>>> print(open('work-v2.cif').read())   # mmCIF, C-alpha atoms
data_entry
loop_
_atom_site.label_atom_id
_atom_site.label_comp_id
_atom_site.auth_asym_id
_atom_site.auth_seq_id
_atom_site.Cartn_x
_atom_site.Cartn_y
_atom_site.Cartn_z
CA MET D 203 0.00 0.00 0.00
CA GLU D 204 1.34 3.43 -0.92
CA PRO D 205 2.31 5.42 2.20
CA HIS D 206 0.71 8.73 1.19
CA PRO D 207 -2.13 9.35 3.71
CA GLN D 208 -1.46 13.10 3.89
CA ARG D 209 -1.28 13.53 0.13
CA TYR D 210 -4.60 11.80 -0.48
CA GLY D 211 -6.26 11.93 2.90
CA PHE D 212 -8.71 14.27 4.52
CA ASP D 213 -6.85 15.34 7.65
CA ILE D 214 -8.91 16.29 10.72
CA ALA D 215 -6.05 18.41 12.05
CA ALA D 216 -6.23 20.64 8.97
CA ARG D 217 -9.82 21.74 9.74
CA PRO D 218 -10.15 23.55 13.08
CA ALA D 219 -13.38 23.82 15.02
CA LEU D 220 -15.72 26.69 14.21
CA PRO D 221 -16.87 29.15 16.88
CA GLU D 222 -20.25 27.35 17.01
CA THR D 223 -18.86 23.82 17.18
CA ALA D 224 -18.58 23.47 20.97
CA ASP D 225 -22.21 24.50 21.53
CA ASP D 226 -23.41 22.39 18.58
CA LEU D 227 -21.60 19.34 19.92
CA ALA D 228 -22.88 19.86 23.47
CA ALA D 229 -26.49 19.99 22.24
CA LEU D 230 -25.91 16.95 20.02
CA ASN D 231 -24.46 14.85 22.84
CA ARG D 232 -27.22 15.94 25.24
CA ASP D 233 -30.30 15.74 23.01
CA GLY D 234 -29.17 13.62 20.05
CA TYR D 235 -29.83 16.46 17.60
CA VAL D 236 -29.15 20.14 16.99
CA ILE D 237 -30.89 22.60 14.64
CA LEU D 238 -28.46 24.72 12.61
CA GLU D 239 -30.38 27.74 11.37
CA ASP D 240 -29.88 29.81 8.21
CA LEU D 241 -26.90 27.95 6.71
CA ILE D 242 -27.84 28.75 3.09
CA ASP D 243 -29.73 31.74 1.72
CA GLN D 244 -33.10 31.95 0.02
CA ALA D 245 -31.55 32.26 -3.44
CA ARG D 246 -29.83 28.88 -3.01
CA CYS D 247 -33.08 27.33 -1.75
CA ASP D 248 -34.91 28.72 -4.79
CA ALA D 249 -32.26 27.32 -7.14
CA ILE D 250 -32.44 23.88 -5.51
CA ARG D 251 -36.23 23.94 -5.70
CA ALA D 252 -36.13 24.77 -9.41
CA GLU D 253 -33.55 22.06 -10.11
CA THR D 254 -35.54 19.54 -8.09
CA ALA D 255 -38.69 20.19 -10.12
CA ARG D 256 -36.78 18.91 -13.15
CA LEU D 257 -35.73 15.72 -11.35
CA LEU D 258 -38.86 14.75 -9.41
CA LYS D 259 -41.30 12.20 -10.74
CA GLY D 260 -43.70 9.56 -9.48
CA GLY D 261 -44.21 8.72 -5.84
CA GLY D 262 -42.92 6.41 -3.15
CA ARG D 263 -42.70 2.64 -3.52
CA ASN D 264 -43.85 1.65 -0.03
CA SER D 265 -45.30 3.06 3.17
CA PHE D 266 -41.86 3.81 4.62
CA GLU D 267 -40.85 5.95 1.63
CA GLY D 268 -44.37 7.36 1.59
CA PHE D 269 -46.70 6.69 -1.32
CA ASN D 270 -47.30 10.43 -1.66
CA THR D 271 -43.64 11.38 -1.24
CA GLN D 272 -41.23 11.94 -4.12
CA ARG D 273 -37.53 11.10 -3.79
CA VAL D 274 -34.49 11.73 -5.96
CA TYR D 275 -31.59 9.34 -5.42
CA ASN D 276 -28.05 9.46 -6.85
CA VAL D 277 -28.02 13.25 -6.65
CA LEU D 278 -24.26 13.59 -7.13
CA ALA D 279 -24.58 12.28 -10.67
CA LYS D 280 -27.48 14.62 -11.45
CA THR D 281 -26.71 18.07 -10.02
CA ARG D 282 -23.96 20.16 -8.42
CA LEU D 283 -26.39 22.37 -6.48
CA LEU D 284 -26.27 20.14 -3.39
CA ASP D 285 -22.49 19.86 -3.04
CA ASP D 286 -22.27 22.81 -0.64
CA LEU D 287 -24.80 21.13 1.64
CA ILE D 288 -22.98 17.79 1.66
CA ASP D 289 -19.67 19.27 2.82
CA HIS D 290 -20.91 22.40 4.60
CA PRO D 291 -18.24 23.53 7.13
CA ARG D 292 -20.68 23.54 10.05
CA VAL D 293 -21.64 19.94 9.28
CA LEU D 294 -18.06 18.73 8.75
CA ALA D 295 -16.97 20.37 12.01
CA LEU D 296 -19.39 18.10 13.87
CA LEU D 297 -18.56 15.00 11.85
CA ASP D 298 -14.86 15.58 12.53
CA ARG D 299 -15.55 15.23 16.23
CA LEU D 300 -17.88 12.25 15.99
CA PHE D 301 -15.93 9.92 13.71
CA GLU D 302 -12.40 8.99 12.72
CA PRO D 303 -10.90 10.79 9.69
CA ASN D 304 -12.08 9.72 6.23
CA TYR D 305 -15.65 9.11 7.39
CA LEU D 306 -18.03 8.59 4.51
CA LEU D 307 -21.19 9.89 2.93
CA SER D 308 -23.59 6.95 3.16
CA GLN D 309 -26.45 8.33 1.11
CA ALA D 310 -27.86 11.60 -0.22
CA GLN D 311 -31.35 12.25 -1.52
CA LEU D 312 -34.01 14.88 -2.10
CA ILE D 313 -37.35 14.25 -0.37
CA ASN D 314 -40.56 16.04 -1.37
CA ILE D 315 -43.47 15.31 1.00
CA ARG D 316 -46.71 16.21 -0.75
CA PRO D 317 -50.01 17.27 0.84
CA GLY D 318 -51.92 14.39 2.39
CA GLU D 319 -48.86 12.26 3.17
CA ALA D 320 -49.12 10.25 6.39
CA ALA D 321 -46.46 10.32 9.10
CA GLN D 322 -43.53 7.98 8.56
CA ARG D 323 -42.95 5.35 11.22
CA LEU D 324 -40.30 6.26 13.76
CA HIS D 325 -36.88 4.69 13.20
CA PHE D 326 -33.18 5.30 13.75
CA ASP D 327 -30.90 5.55 10.74
CA ASP D 328 -28.02 3.26 11.69
CA GLY D 329 -30.33 0.42 12.72
CA PHE D 330 -29.25 -1.72 9.77
CA TYR D 331 -25.83 -2.12 11.42
CA LYS D 332 -26.73 -5.06 13.63
CA LEU D 333 -25.00 -4.06 16.84
CA PRO D 334 -27.03 -3.89 20.07
CA ARG D 335 -27.99 -0.66 21.80
CA PRO D 336 -27.19 1.36 23.80
CA ARG D 337 -24.03 2.22 21.90
CA ALA D 338 -22.18 5.06 20.26
CA PRO D 339 -23.68 6.15 16.93
CA LEU D 340 -22.25 4.58 13.79
CA GLY D 341 -23.67 7.32 11.61
CA ALA D 342 -25.17 10.80 11.61
CA ALA D 343 -27.49 12.69 9.30
CA THR D 344 -28.55 16.12 8.16
CA ILE D 345 -32.00 17.05 6.90
CA TRP D 346 -32.02 20.41 5.16
CA ALA D 347 -35.18 22.50 4.95
CA ILE D 348 -35.37 23.73 1.37
CA ASP D 349 -38.93 24.77 2.19
CA GLY D 350 -39.49 25.99 5.72
CA PHE D 351 -40.47 23.19 8.13
CA THR D 352 -43.67 23.78 10.10
CA ASP D 353 -45.68 21.66 12.50
CA ILE D 354 -48.26 20.88 9.78
CA ASN D 355 -46.30 20.50 6.51
CA GLY D 356 -44.34 17.32 7.20
CA ALA D 357 -41.47 18.61 9.28
CA THR D 358 -39.18 15.84 10.49
CA VAL D 359 -40.20 14.76 13.99
CA ILE D 360 -37.58 13.67 16.50
CA VAL D 361 -37.63 12.09 19.95
CA PRO D 362 -35.18 14.12 22.04
CA ARG D 363 -32.57 12.07 23.91
CA SER D 364 -33.78 8.80 22.37
CA HIS D 365 -30.20 8.27 21.13
CA LEU D 366 -29.53 7.04 24.69
CA TRP D 367 -32.24 4.36 24.62
CA GLY D 368 -31.30 0.73 24.85
CA GLN D 369 -32.56 -2.23 22.83
CA LEU D 370 -36.25 -1.51 23.44
CA PRO D 371 -39.36 -1.07 21.28
CA VAL D 372 -40.55 2.51 20.88
CA PRO D 373 -42.86 3.38 23.81
CA ALA D 374 -46.51 3.79 22.84
CA ASP D 375 -46.66 7.26 24.40
CA VAL D 376 -43.43 8.56 22.88
CA ASP D 377 -43.18 12.36 22.73
CA ALA D 378 -42.00 13.24 19.21
CA VAL D 379 -41.55 16.92 18.41
CA PRO D 380 -41.39 18.59 14.97
CA CYS D 381 -38.15 20.23 13.84
CA VAL D 382 -39.68 23.61 13.03
CA MET D 383 -37.06 25.68 11.21
CA PRO D 384 -36.81 28.27 8.41
CA ALA D 385 -35.79 27.43 4.86
CA GLY D 386 -32.02 27.18 4.56
CA SER D 387 -31.61 25.51 7.95
CA ALA D 388 -30.69 21.92 8.80
CA VAL D 389 -31.27 19.52 11.64
CA PHE D 390 -28.19 17.40 12.42
CA PHE D 391 -28.82 14.22 14.42
CA LEU D 392 -27.07 11.06 15.50
CA GLY D 393 -27.73 7.74 13.80
CA THR D 394 -29.15 6.35 17.05
CA LEU D 395 -31.85 9.05 17.41
CA TRP D 396 -35.45 7.97 16.80
CA HIS D 397 -37.17 10.19 14.23
CA GLY D 398 -39.44 10.14 11.18
CA GLY D 399 -41.03 12.25 8.48
CA GLY D 400 -44.07 14.14 9.70
CA ALA D 401 -47.58 14.08 8.22
CA ASN D 402 -48.21 16.84 5.69
CA ARG D 403 -51.55 18.38 6.66
CA SER D 404 -50.93 21.56 4.67
CA ASP D 405 -51.86 22.40 1.08
CA ALA D 406 -48.24 22.65 -0.17
CA SER D 407 -45.32 20.27 -0.63
CA ARG D 408 -42.35 20.26 1.75
CA LEU D 409 -38.98 19.83 0.04
CA ALA D 410 -35.89 18.68 1.92
CA PHE D 411 -32.43 17.31 1.24
CA THR D 412 -30.82 14.70 3.44
CA GLY D 413 -27.20 13.61 3.67
CA GLN D 414 -26.34 10.61 5.83
CA TYR D 415 -22.78 9.85 6.94
CA CYS D 416 -21.08 6.86 8.52
CA ALA D 417 -17.83 5.80 10.16
CA PRO D 418 -15.01 5.13 7.66
CA TRP D 419 -14.96 1.36 8.24
CA LEU D 420 -18.64 0.78 7.45
CA ARG D 421 -20.38 -0.06 4.20
CA GLN D 422 -22.29 2.87 2.67
CA GLN D 423 -25.96 2.64 1.73
CA GLU D 424 -25.29 3.98 -1.77
CA ASN D 425 -22.67 2.44 -4.05
CA PHE D 426 -21.16 5.67 -5.30
CA PHE D 427 -18.49 3.86 -7.30
CA LEU D 428 -21.20 2.49 -9.59
CA GLU D 429 -23.57 5.47 -9.38
CA VAL D 430 -21.27 8.38 -10.10
CA PRO D 431 -19.29 8.28 -13.37
CA ARG D 432 -15.56 8.75 -12.94
CA GLU D 433 -15.66 11.86 -15.15
CA THR D 434 -18.12 13.40 -12.69
CA VAL D 435 -16.01 12.36 -9.68
CA ARG D 436 -13.03 14.21 -11.17
CA SER D 437 -15.10 17.41 -11.13
CA LEU D 438 -15.96 17.11 -7.44
CA ARG D 439 -14.11 18.84 -4.65
CA PRO D 440 -11.50 16.65 -2.91
CA THR D 441 -13.58 16.65 0.25
CA ILE D 442 -16.57 15.13 -1.54
CA GLN D 443 -14.35 12.69 -3.43
CA SER D 444 -13.13 11.47 -0.05
CA LEU D 445 -16.65 11.32 1.38
CA ILE D 446 -17.97 9.06 -1.38
CA GLY D 447 -15.15 6.57 -0.93
CA TYR D 448 -12.08 7.83 -2.77
CA SER D 449 -10.22 7.62 0.52
CA ILE D 450 -8.53 5.07 2.76
CA TYR D 451 -9.30 3.88 6.24
CA PRO D 452 -5.76 3.08 7.45
CA PRO D 453 -3.89 1.01 6.78
CA PHE D 454 -5.51 -0.12 3.51
CA MET D 455 -9.34 -0.45 3.60
CA GLY D 456 -10.63 0.94 0.31
CA MET D 457 -7.52 0.25 -1.78
CA VAL D 458 -7.64 -0.49 -5.50
CA ASP D 459 -4.99 -2.90 -6.76
CA SER D 460 -2.87 -2.11 -3.67
CA MET D 461 -3.07 1.66 -4.30
CA HIS D 462 -5.06 4.64 -3.04
CA PRO D 463 -8.37 4.91 -4.99
CA LYS D 464 -7.65 8.50 -6.01
CA ARG D 465 -5.02 7.06 -8.34
CA LEU D 466 -7.96 6.05 -10.53
CA LEU D 467 -8.82 9.72 -10.98
CA GLU D 468 -5.28 10.55 -12.10
CA ALA D 469 -5.24 7.90 -14.83
#
>>> encode(input="work-v2.cif", output="structure tokens")
Amino acid sequence: MEPHPQRYGFDIAARPALPETADDLAALNRDGYVILEDLIDQARCDAIRAETARLLKGGGRNSFEGFNTQRVYNVLAKTRLLDDLIDHPRVLALLDRLFEPNYLLSQAQLINIRPGEAAQRLHFDDGFYKLPRPRAPLGAATIWAIDGFTDINGATVIVPRSHLWGQLPVPADVDAVPCVMPAGSAVFFLGTLWHGGGANRSDASRLAFTGQYCAPWLRQQENFFLEVPRETVRSLRPTIQSLIGYSIYPPFMGMVDSMHPKRLLEA
């Protein structure tokens, strides 16, 4: 294996904490989530909404996706408008302190909850990693409000402090609260936090973007190597290249023919 981790890596020491990081991390550790308000402006939300209208079609395939909810997968191959959300500095500052360097983007998708959609069942995102709870999170997620989230339009609902729960069914009287936040904001939560999409009782759709991340030694939900053409990967920022898997978990997990995967982009 080539000994070039600094040349090709994504070094945590090179990215200092932001002024907000300590408070963000304290809220995250205490409650399992933190709302980060006004990270992108209205013009960017408008541009994402317009781009999404071109990509959306059909509805969900099952009750978990939501039969009246539209989703766009494989967004990195389809648009560059979401890149700044995937590697936003406020988000990376938290991920840097949750996981080892070279953590990964596990999946990214646009979610448009249309009027009349029922509430999604509560779940936690890293539940498919079959390790018993309570435990440290193996992943984390952001849900970005492209449209403002309200208590009636399908805002994500979360169960505060449920990231600390053990291996128990969800209590029948669980107190889930909506993540009410203005457009351009994001809720960041741990992979062990119980949450779900809210019911849309309004007369307008609620558009969001979600990016899910995982520890660098775990398998990602999306296979970005097959989804994203290599020509497109070459156009991405190095940070996003690393996030989708063009990186190494030392000493050699992720190698290609004994070499760092970024060598493929130099060919």
>>> resolve_selection(input="work-v2.cif", expression="the PyMOL selection byres ((chain D and resi 271) around 9)", output="PDB file with C-alpha atoms, in the frame of the given file")
ATOM      1  CA  GLY D 260     -43.700   9.560  -9.480  1.00  0.00           C
ATOM      2  CA  GLY D 261     -44.210   8.720  -5.840  1.00  0.00           C
ATOM      3  CA  GLY D 262     -42.920   6.410  -3.150  1.00  0.00           C
ATOM      4  CA  GLU D 267     -40.850   5.950   1.630  1.00  0.00           C
ATOM      5  CA  GLY D 268     -44.370   7.360   1.590  1.00  0.00           C
ATOM      6  CA  PHE D 269     -46.700   6.690  -1.320  1.00  0.00           C
ATOM      7  CA  ASN D 270     -47.300  10.430  -1.660  1.00  0.00           C
ATOM      8  CA  GLN D 272     -41.230  11.940  -4.120  1.00  0.00           C
ATOM      9  CA  ARG D 273     -37.530  11.100  -3.790  1.00  0.00           C
ATOM     10  CA  ILE D 313     -37.350  14.250  -0.370  1.00  0.00           C
ATOM     11  CA  ASN D 314     -40.560  16.040  -1.370  1.00  0.00           C
ATOM     12  CA  ILE D 315     -43.470  15.310   1.000  1.00  0.00           C
ATOM     13  CA  ARG D 316     -46.710  16.210  -0.750  1.00  0.00           C
ATOM     14  CA  PRO D 317     -50.010  17.270   0.840  1.00  0.00           C
ATOM     15  CA  GLU D 319     -48.860  12.260   3.170  1.00  0.00           C
TER      16      GLU D 319
END
>>> closest_residue(input="work-v2.cif", among="D:Val293, D:Ala255, D:Ile442, D:Ile250", to="D:Val389", atoms="only C-alpha atoms")
D:Val293
>>> resolve_selection(input="work-v2.cif", expression="the PyMOL selection byres ((chain D and resi 240) around 8)", output="number ranges by chain")
D: 238-239, 241-243, 384-388
>>> resolve_selection(input="work-v2.cif", expression="the PyMOL selection byres ((chain D and resi 295-297) around 8)", output="VMD selection string")
chain D and resid 217 to 220 223 226 to 227 291 to 294 298 to 301 305 342
>>> closest_residue(input="work-v2.cif", among="D:Asp225, D:Asp289, D:Asp405, D:Asp459", to="D:Asn355", atoms="only C-alpha atoms")
D:Asp405
>>> residues_around(input="work-v2.cif", residues="D:Pro371", least_positions_apart="4", cutoff="12 Å", atoms="all atoms listed in the file", output="JSON, numbers by chain")
{"D": [324, 325, 326, 335, 364, 367, 375, 376, 396]}
>>> atom_distance(input="work-v2.cif", atom1="atom CA of D:Arg439", atom2="atom CA of D:Leu340")
24.7 Å
>>> residues_around(input="work-v2.cif", residues="D:Glu302", least_positions_apart="4", cutoff="10 Å", atoms="all atoms listed in the file", output="list of chain:residue names")
D:Asp213, D:Ile214, D:Leu297, D:Asp298, D:Leu306, D:Cys416, D:Ala417, D:Pro418, D:Trp419, D:Tyr451
>>> closest_residue(input="work-v2.cif", among="D:His365, D:Lys332, D:Lys280, D:Arg465", to="D:Tyr448", atoms="all atoms listed in the file")
D:Arg465
>>> closest_residue(input="work-v2.cif", among="D:Asn264, D:Gln309, D:Gln322, D:Thr254", to="D:Leu409", atoms="only C-alpha atoms")
D:Thr254
>>> atom_distance(input="work-v2.cif", atom1="atom CA of D:Pro334", atom2="atom CA of D:Gln369")
6.4 Å
>>> atom_distance(input="work-v2.cif", atom1="atom CA of D:Pro431", atom2="atom CA of D:His290")
22.9 Å
>>> closest_residue(input="work-v2.cif", among="D:Leu395, D:Gly341, D:Met457, D:Phe427", to="D:Arg232", atoms="all atoms listed in the file")
D:Leu395
>>> residues_around(input="work-v2.cif", residues="D:Gly447", least_positions_apart="2", cutoff="8 Å", atoms="all atoms listed in the file", output="PyMOL selection string")
chain D and resi 306-307+426-427+443-445+449-450+456
